[in-house]
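Report on the following structure.
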Amino acid sequence: MRATEPAGNRSRLLHQVRYALRHPERVPAHARRAVRDAWLRLRHPDHIAYYRAVMASDAARSTEAAVGHNPSRAQWARIGRMQFDYLVGHGLRPHHRMLEIGCGNLRAGRLFIDHLDTGHYYGIDISPHILLAAQDTLVAEKLQPKLPYLVLADDLTFAFLPDAHFDVVHAHSVFSHSPLHVIEECFAHVGRILAPGGFFDFTFDRTEGEEHQVLHEDFYYRTRTLTDLAAKHGLSARFMDDWELLPHRQSKMRLTVSADRARTVGS
């Protein structure tokens with residue numbers, strides 16, 4: 001049985017009523033999210049600015065929860081290890097150069113940094129609060145000698161990064177919080193920064209029914225929507241079936257530059 005199953009429409013009123021009846025203890029937290037969502041959307045019509053404000057709000061309430069320690073540090077470490085083991089199993093080697101989009105507080109990044117050669121890890125995030133937490137992780141793990149790059153980003157055009165530089169680009173639980181125009185911005189530019197034979201792995205919340213969002217924080221896409229969008233920008237998409245066997249709620253897709261498909265790292 002697959003660990004990942006496509007989601008139903010969680011934005012429908014009937015789904016929300018059923019969920020509230022099954023989990024009444026979670027209703028107050030969702031109500032707070034709904035009020036915050038309405039307020040932040042008024043203040044920040046741009047989605048990047050909006051989600052940066054969401055992260056700031058989460059960090060102010062609970063730094064641990066904001067950086068993925070909810071429900072536990074052990075769960076945080078388990079998901080980070082899952083990401084790391086998967087990419088190493090798919091050919092990530094120490095000499096490769098890696099870009100992690102939405103690096104967070106280095107849940108998986110700390111393992112990538114330790115695995116890769118010095119200076120070969122580049123992490124970007126939209127949240128300054130989370131990047132400060134990432135620095136704390138570097139200190140706790142004694143990874144300063146590996147000289148990772150940790151940079152605040154305002155979009156996904158990668159304009160400040162060099163052409164054909166990264167063997168692996170990775171985005172875990174980023175597009176699950178992104179509207180389609182943000183994903184398309186990434187697809188339109190990621191091919192430029194991929195090295196020959198490089199690939200871009202990302203996770204997403206999958207539905208094979210009606211695409212929808214819950215507030216402006218959680219987005220659910222059909223696989224075909226993302227593969228077609230990738231093709232529009234000269235990228236070949238592969239649904240990663242082996243990821244579906246792992247205990248994770250999101251699905252994974254891999255993009256390569258269409259003309260470079262035969263030389264993919266770890267193929």
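Please note that chains go A, B, ... in the order of the structure tokens, that every chain numbers its residues from 1, and that ligands are numbered from 1 in the order shown.
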
Tell me which protein, DNA and RNA residues are within 12 Å of Ile79 in chain A, counting only C-alpha atoms, leaving out same-chain ones fewer than 6 positions away, and put them as a PDB file with all heavy atoms, in the first residue's frame.
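Result file selection_16.pdb:
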```pdb
ATOM      1  N   GLY A  68       9.581  23.486  12.171  1.00  0.00           N
ATOM      2  CA  GLY A  68       9.299  22.086  11.881  1.00  0.00           C
ATOM      3  C   GLY A  68       9.524  21.121  13.027  1.00  0.00           C
ATOM      4  O   GLY A  68       9.585  19.917  12.807  1.00  0.00           O
ATOM      5  N   HIS A  69       9.651  21.631  14.265  1.00  0.00           N
ATOM      6  CA  HIS A  69       9.823  20.736  15.411  1.00  0.00           C
ATOM      7  C   HIS A  69       8.484  20.258  15.964  1.00  0.00           C
ATOM      8  O   HIS A  69       8.432  19.654  17.031  1.00  0.00           O
ATOM      9  CB  HIS A  69      10.585  21.447  16.535  1.00  0.00           C
ATOM     10  CG  HIS A  69      12.018  21.695  16.201  1.00  0.00           C
ATOM     11  ND1 HIS A  69      12.877  22.300  17.076  1.00  0.00           N
ATOM     12  CD2 HIS A  69      12.736  21.432  15.081  1.00  0.00           C
ATOM     13  CE1 HIS A  69      14.081  22.410  16.511  1.00  0.00           C
ATOM     14  NE2 HIS A  69      14.008  21.896  15.301  1.00  0.00           N
ATOM     15  N   ASN A  70       7.398  20.559  15.266  1.00  0.00           N
ATOM     16  CA  ASN A  70       6.075  20.142  15.692  1.00  0.00           C
ATOM     17  C   ASN A  70       5.686  18.880  14.912  1.00  0.00           C
ATOM     18  O   ASN A  70       5.668  18.913  13.685  1.00  0.00           O
ATOM     19  CB  ASN A  70       5.080  21.281  15.420  1.00  0.00           C
ATOM     20  CG  ASN A  70       3.705  21.009  15.969  1.00  0.00           C
ATOM     21  OD1 ASN A  70       3.550  20.190  16.851  1.00  0.00           O
ATOM     22  ND2 ASN A  70       2.713  21.718  15.436  1.00  0.00           N
ATOM     23  N   PRO A  71       5.394  17.746  15.517  1.00  0.00           N
ATOM     24  CA  PRO A  71       5.137  17.611  16.944  1.00  0.00           C
ATOM     25  C   PRO A  71       6.361  17.345  17.812  1.00  0.00           C
ATOM     26  O   PRO A  71       6.269  17.417  19.016  1.00  0.00           O
ATOM     27  CB  PRO A  71       4.196  16.400  16.984  1.00  0.00           C
ATOM     28  CG  PRO A  71       4.661  15.550  15.837  1.00  0.00           C
ATOM     29  CD  PRO A  71       5.080  16.511  14.767  1.00  0.00           C
ATOM     30  N   SER A  72       7.525  17.040  17.218  1.00  0.00           N
ATOM     31  CA  SER A  72       8.662  16.707  18.063  1.00  0.00           C
ATOM     32  C   SER A  72       9.967  16.904  17.304  1.00  0.00           C
ATOM     33  O   SER A  72       9.999  16.905  16.073  1.00  0.00           O
ATOM     34  CB  SER A  72       8.568  15.249  18.540  1.00  0.00           C
ATOM     35  OG  SER A  72       8.770  14.369  17.440  1.00  0.00           O
ATOM     36  N   ARG A  73      11.032  17.056  18.042  1.00  0.00           N
ATOM     37  CA  ARG A  73      12.366  17.126  17.445  1.00  0.00           C
ATOM     38  C   ARG A  73      12.697  15.811  16.732  1.00  0.00           C
ATOM     39  O   ARG A  73      13.357  15.816  15.689  1.00  0.00           O
ATOM     40  CB  ARG A  73      13.393  17.405  18.542  1.00  0.00           C
ATOM     41  CG  ARG A  73      14.848  17.360  18.088  1.00  0.00           C
ATOM     42  CD  ARG A  73      15.249  18.618  17.377  1.00  0.00           C
ATOM     43  NE  ARG A  73      16.619  18.543  16.879  1.00  0.00           N
ATOM     44  CZ  ARG A  73      17.320  19.586  16.467  1.00  0.00           C
ATOM     45  NH1 ARG A  73      16.794  20.789  16.514  1.00  0.00           N
ATOM     46  NH2 ARG A  73      18.548  19.445  16.017  1.00  0.00           N
ATOM     47  N   ASP A  85      18.568  10.630   2.799  1.00  0.00           N
ATOM     48  CA  ASP A  85      18.784   9.266   2.318  1.00  0.00           C
ATOM     49  C   ASP A  85      18.249   9.092   0.898  1.00  0.00           C
ATOM     50  O   ASP A  85      18.861   8.392   0.080  1.00  0.00           O
ATOM     51  CB  ASP A  85      18.104   8.263   3.256  1.00  0.00           C
ATOM     52  CG  ASP A  85      18.813   8.133   4.608  1.00  0.00           C
ATOM     53  OD1 ASP A  85      19.965   8.606   4.725  1.00  0.00           O
ATOM     54  OD2 ASP A  85      18.198   7.571   5.537  1.00  0.00           O
ATOM     55  N   TYR A  86      17.130   9.730   0.613  1.00  0.00           N
ATOM     56  CA  TYR A  86      16.535   9.597  -0.711  1.00  0.00           C
ATOM     57  C   TYR A  86      17.460  10.177  -1.785  1.00  0.00           C
ATOM     58  O   TYR A  86      17.714   9.540  -2.818  1.00  0.00           O
ATOM     59  CB  TYR A  86      15.174  10.296  -0.751  1.00  0.00           C
ATOM     60  CG  TYR A  86      14.430  10.094  -2.046  1.00  0.00           C
ATOM     61  CD1 TYR A  86      13.662   8.952  -2.252  1.00  0.00           C
ATOM     62  CD2 TYR A  86      14.494  11.037  -3.065  1.00  0.00           C
ATOM     63  CE1 TYR A  86      12.980   8.756  -3.439  1.00  0.00           C
ATOM     64  CE2 TYR A  86      13.811  10.848  -4.256  1.00  0.00           C
ATOM     65  CZ  TYR A  86      13.059   9.705  -4.440  1.00  0.00           C
ATOM     66  OH  TYR A  86      12.387   9.509  -5.625  1.00  0.00           O
ATOM     67  N   LEU A 106      17.491  24.030   8.333  1.00  0.00           N
ATOM     68  CA  LEU A 106      18.418  22.961   7.937  1.00  0.00           C
ATOM     69  C   LEU A 106      18.018  21.599   8.506  1.00  0.00           C
ATOM     70  O   LEU A 106      18.870  20.815   8.935  1.00  0.00           O
ATOM     71  CB  LEU A 106      19.859  23.313   8.331  1.00  0.00           C
ATOM     72  CG  LEU A 106      20.378  24.649   7.810  1.00  0.00           C
ATOM     73  CD1 LEU A 106      21.819  24.876   8.284  1.00  0.00           C
ATOM     74  CD2 LEU A 106      20.298  24.719   6.291  1.00  0.00           C
ATOM     75  N   ARG A 107      16.742  21.324   8.447  1.00  0.00           N
ATOM     76  CA  ARG A 107      16.253  20.007   8.874  1.00  0.00           C
ATOM     77  C   ARG A 107      16.967  18.904   8.093  1.00  0.00           C
ATOM     78  O   ARG A 107      17.472  17.948   8.676  1.00  0.00           O
ATOM     79  CB  ARG A 107      14.732  19.929   8.679  1.00  0.00           C
ATOM     80  CG  ARG A 107      14.132  18.575   8.972  1.00  0.00           C
ATOM     81  CD  ARG A 107      12.616  18.630   9.040  1.00  0.00           C
ATOM     82  NE  ARG A 107      12.010  19.117   7.806  1.00  0.00           N
ATOM     83  CZ  ARG A 107      10.687  19.247   7.646  1.00  0.00           C
ATOM     84  NH1 ARG A 107       9.864  18.944   8.643  1.00  0.00           N
ATOM     85  NH2 ARG A 107      10.190  19.687   6.501  1.00  0.00           N
ATOM     86  N   ALA A 108      16.993  19.043   6.777  1.00  0.00           N
ATOM     87  CA  ALA A 108      17.792  18.137   5.947  1.00  0.00           C
ATOM     88  C   ALA A 108      19.118  18.764   5.579  1.00  0.00           C
ATOM     89  O   ALA A 108      20.110  18.063   5.355  1.00  0.00           O
ATOM     90  CB  ALA A 108      17.032  17.760   4.679  1.00  0.00           C
ATOM     91  N   GLY A 109      19.149  20.090   5.528  1.00  0.00           N
ATOM     92  CA  GLY A 109      20.352  20.792   5.090  1.00  0.00           C
ATOM     93  C   GLY A 109      21.590  20.472   5.908  1.00  0.00           C
ATOM     94  O   GLY A 109      22.699  20.392   5.373  1.00  0.00           O
ATOM     95  N   LEU A 111      22.451  17.701   7.099  1.00  0.00           N
ATOM     96  CA  LEU A 111      22.990  16.438   6.594  1.00  0.00           C
ATOM     97  C   LEU A 111      23.619  16.636   5.221  1.00  0.00           C
ATOM     98  O   LEU A 111      24.676  16.065   4.927  1.00  0.00           O
ATOM     99  CB  LEU A 111      21.882  15.384   6.527  1.00  0.00           C
ATOM    100  CG  LEU A 111      21.172  15.099   7.850  1.00  0.00           C
ATOM    101  CD1 LEU A 111      19.975  14.173   7.640  1.00  0.00           C
ATOM    102  CD2 LEU A 111      22.135  14.485   8.863  1.00  0.00           C
ATOM    103  N   HIS A 172      11.724  21.009  -0.587  1.00  0.00           N
ATOM    104  CA  HIS A 172      10.836  20.128   0.179  1.00  0.00           C
ATOM    105  C   HIS A 172       9.786  20.973   0.881  1.00  0.00           C
ATOM    106  O   HIS A 172      10.112  21.899   1.625  1.00  0.00           O
ATOM    107  CB  HIS A 172      11.637  19.331   1.214  1.00  0.00           C
ATOM    108  CG  HIS A 172      10.803  18.356   1.991  1.00  0.00           C
ATOM    109  ND1 HIS A 172      10.581  17.058   1.568  1.00  0.00           N
ATOM    110  CD2 HIS A 172      10.115  18.496   3.152  1.00  0.00           C
ATOM    111  CE1 HIS A 172       9.815  16.436   2.446  1.00  0.00           C
ATOM    112  NE2 HIS A 172       9.507  17.299   3.411  1.00  0.00           N
ATOM    113  N   SER A 173       8.506  20.646   0.640  1.00  0.00           N
ATOM    114  CA  SER A 173       7.387  21.333   1.290  1.00  0.00           C
ATOM    115  C   SER A 173       7.428  22.841   1.048  1.00  0.00           C
ATOM    116  O   SER A 173       7.198  23.640   1.948  1.00  0.00           O
ATOM    117  CB  SER A 173       7.385  21.042   2.800  1.00  0.00           C
ATOM    118  OG  SER A 173       6.134  21.358   3.379  1.00  0.00           O
ATOM    119  N   LEU A 246       7.466   5.864   0.836  1.00  0.00           N
ATOM    120  CA  LEU A 246       7.983   6.358   2.107  1.00  0.00           C
ATOM    121  C   LEU A 246       6.868   6.984   2.939  1.00  0.00           C
ATOM    122  O   LEU A 246       5.856   7.443   2.400  1.00  0.00           O
ATOM    123  CB  LEU A 246       9.092   7.386   1.849  1.00  0.00           C
ATOM    124  CG  LEU A 246      10.310   6.856   1.090  1.00  0.00           C
ATOM    125  CD1 LEU A 246      11.283   7.989   0.786  1.00  0.00           C
ATOM    126  CD2 LEU A 246      11.004   5.759   1.878  1.00  0.00           C
ATOM    127  N   PRO A 247       7.044   7.039   4.265  1.00  0.00           N
ATOM    128  CA  PRO A 247       5.999   7.596   5.138  1.00  0.00           C
ATOM    129  C   PRO A 247       5.997   9.124   5.121  1.00  0.00           C
ATOM    130  O   PRO A 247       6.476   9.793   6.036  1.00  0.00           O
ATOM    131  CB  PRO A 247       6.383   7.040   6.514  1.00  0.00           C
ATOM    132  CG  PRO A 247       7.863   6.851   6.447  1.00  0.00           C
ATOM    133  CD  PRO A 247       8.162   6.449   5.027  1.00  0.00           C
ATOM    134  N   HIS A 248       5.454   9.680   4.048  1.00  0.00           N
ATOM    135  CA  HIS A 248       5.354  11.128   3.906  1.00  0.00           C
ATOM    136  C   HIS A 248       4.084  11.456   3.148  1.00  0.00           C
ATOM    137  O   HIS A 248       3.726  10.763   2.198  1.00  0.00           O
ATOM    138  CB  HIS A 248       6.575  11.696   3.174  1.00  0.00           C
ATOM    139  CG  HIS A 248       6.727  13.171   3.351  1.00  0.00           C
ATOM    140  ND1 HIS A 248       6.044  14.085   2.583  1.00  0.00           N
ATOM    141  CD2 HIS A 248       7.463  13.892   4.221  1.00  0.00           C
ATOM    142  CE1 HIS A 248       6.356  15.311   2.975  1.00  0.00           C
ATOM    143  NE2 HIS A 248       7.214  15.218   3.967  1.00  0.00           N
ATOM    144  N   ARG A 249       3.408  12.531   3.523  1.00  0.00           N
ATOM    145  CA  ARG A 249       2.101  12.840   2.949  1.00  0.00           C
ATOM    146  C   ARG A 249       2.187  13.507   1.585  1.00  0.00           C
ATOM    147  O   ARG A 249       1.198  13.538   0.851  1.00  0.00           O
ATOM    148  CB  ARG A 249       1.324  13.751   3.904  1.00  0.00           C
ATOM    149  CG  ARG A 249       0.939  13.078   5.214  1.00  0.00           C
ATOM    150  CD  ARG A 249       0.187  14.035   6.115  1.00  0.00           C
ATOM    151  NE  ARG A 249      -0.198  13.395   7.374  1.00  0.00           N
ATOM    152  CZ  ARG A 249      -0.838  14.023   8.355  1.00  0.00           C
ATOM    153  NH1 ARG A 249      -1.163  15.296   8.214  1.00  0.00           N
ATOM    154  NH2 ARG A 249      -1.145  13.371   9.470  1.00  0.00           N
ATOM    155  N   GLN A 250       3.319  14.093   1.244  1.00  0.00           N
ATOM    156  CA  GLN A 250       3.444  14.769  -0.042  1.00  0.00           C
ATOM    157  C   GLN A 250       4.027  13.834  -1.097  1.00  0.00           C
ATOM    158  O   GLN A 250       4.666  12.836  -0.780  1.00  0.00           O
ATOM    159  CB  GLN A 250       4.326  16.009   0.106  1.00  0.00           C
ATOM    160  CG  GLN A 250       3.702  17.080   0.997  1.00  0.00           C
ATOM    161  CD  GLN A 250       4.579  18.304   1.127  1.00  0.00           C
ATOM    162  OE1 GLN A 250       5.561  18.462   0.418  1.00  0.00           O
ATOM    163  NE2 GLN A 250       4.214  19.193   2.039  1.00  0.00           N
TER     164      GLN A 250
END
```

Please, which residues in range 86-158 of chain A fall within 10 Å of range 190-204 of chain A when counting only C-alpha atoms, and what is the closest atom pair and distance in Å to one decimal for each, ordered by chain then residue number, as CSV?
```
residue,atom,partner,partner_atom,distance
A:Leu87,CA,A:Asp201,CA,8.9
A:His96,CA,A:Gly198,CA,9.4
A:Arg97,CA,A:Ala195,CA,8.9
A:Met98,CA,A:Gly198,CA,9.6
A:Leu99,CA,A:Phe200,CA,9.2
A:Glu100,CA,A:Phe200,CA,9.7
A:Ile101,CA,A:Phe202,CA,9.1
A:Leu156,CA,A:Val190,CA,8.3
A:Thr157,CA,A:Val190,CA,7.6
A:Phe158,CA,A:Val190,CA,7.4
```

What residues in range 43-243 of chain A get the DSSP label alpha helix (DSSP H)? Please answer as a PyMOL selection string.
chain A and resi 43+47-61+63-66+73-89+109-115+128-140+180-193+223-232

When DSSP works through the backbone of this structure, what residues of range 14-262 of chain A end up as strand (DSSP E), shown as a count of residues only?
51

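Taking CA of Val151 in chain A and CA of Phe166 in chain A as endpoints, the distance between them is 15.6 Å.
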
So the first atom is CA of Tyr122 in chain A and the second is CA of Pro148 in chain A; what is the distance between them in Å, to one decimal place?
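That distance, rounded to one decimal, is 6.0 Å.
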
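Between CA of Leu147 in chain A and CA of Gln135 in chain A there is a distance of 11.3 Å.
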
Tell me, as a PyMOL selection string, which residues lie within 10 Å of Gly89 in chain A, counting only C-alpha atoms; anything in the same chain fewer than 5 positions away does not count.
chain A and resi 83-84+266

Tell me which protein, DNA and RNA residues are within 12 Å of Phe175 in chain A, counting only C-alpha atoms, leaving out same-chain ones fewer than 5 positions away, and put them as a PyMOL selection string.
chain A and resi 48+51+101-102+156+170+180-187+201-206+213+217-221+226+250-253

Find, counting only C-alpha atoms, the residue in A:His120, A:Ser178, A:Arg43, A:Ser258 that gets nearest to Leu215 in chain A.
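Of A:His120, A:Ser178, A:Arg43, A:Ser258, the one nearest Leu215 in chain A is A:Ser178, counting only C-alpha atoms.
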
Show which residues sit within 12 Å of Ala34 in chain A, as a PDB file with C-alpha atoms, in the first residue's frame. Count only C-alpha atoms, and ignore same-chain residues fewer than 5 positions away.
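The file below, out-v9.pdb, is the result:
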```
ATOM      1  CA  VAL A  27     -11.031  24.035  15.574  1.00  0.00           C
ATOM      2  CA  PRO A  28      -9.683  26.984  17.647  1.00  0.00           C
ATOM      3  CA  ALA A  29      -6.264  26.765  15.961  1.00  0.00           C
ATOM      4  CA  TRP A  39      -5.525  40.074   7.971  1.00  0.00           C
ATOM      5  CA  LEU A  40      -2.215  39.238   6.315  1.00  0.00           C
ATOM      6  CA  ARG A  41      -3.746  39.045   2.840  1.00  0.00           C
ATOM      7  CA  VAL A  54       3.051  33.876   8.156  1.00  0.00           C
ATOM      8  CA  VAL A 214      -6.907  25.914   2.150  1.00  0.00           C
ATOM      9  CA  LEU A 215      -6.677  29.577   3.120  1.00  0.00           C
ATOM     10  CA  HIS A 216      -3.631  30.979   1.294  1.00  0.00           C
ATOM     11  CA  GLU A 217      -1.224  28.612   3.027  1.00  0.00           C
TER      12      GLU A 217
END
```

Pick the closest to Val174 in chain A from A:Pro94, A:Gly104, A:Tyr149, A:Asp136: which is it, counting only C-alpha atoms?
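Nearest to Val174 in chain A: A:Gly104.
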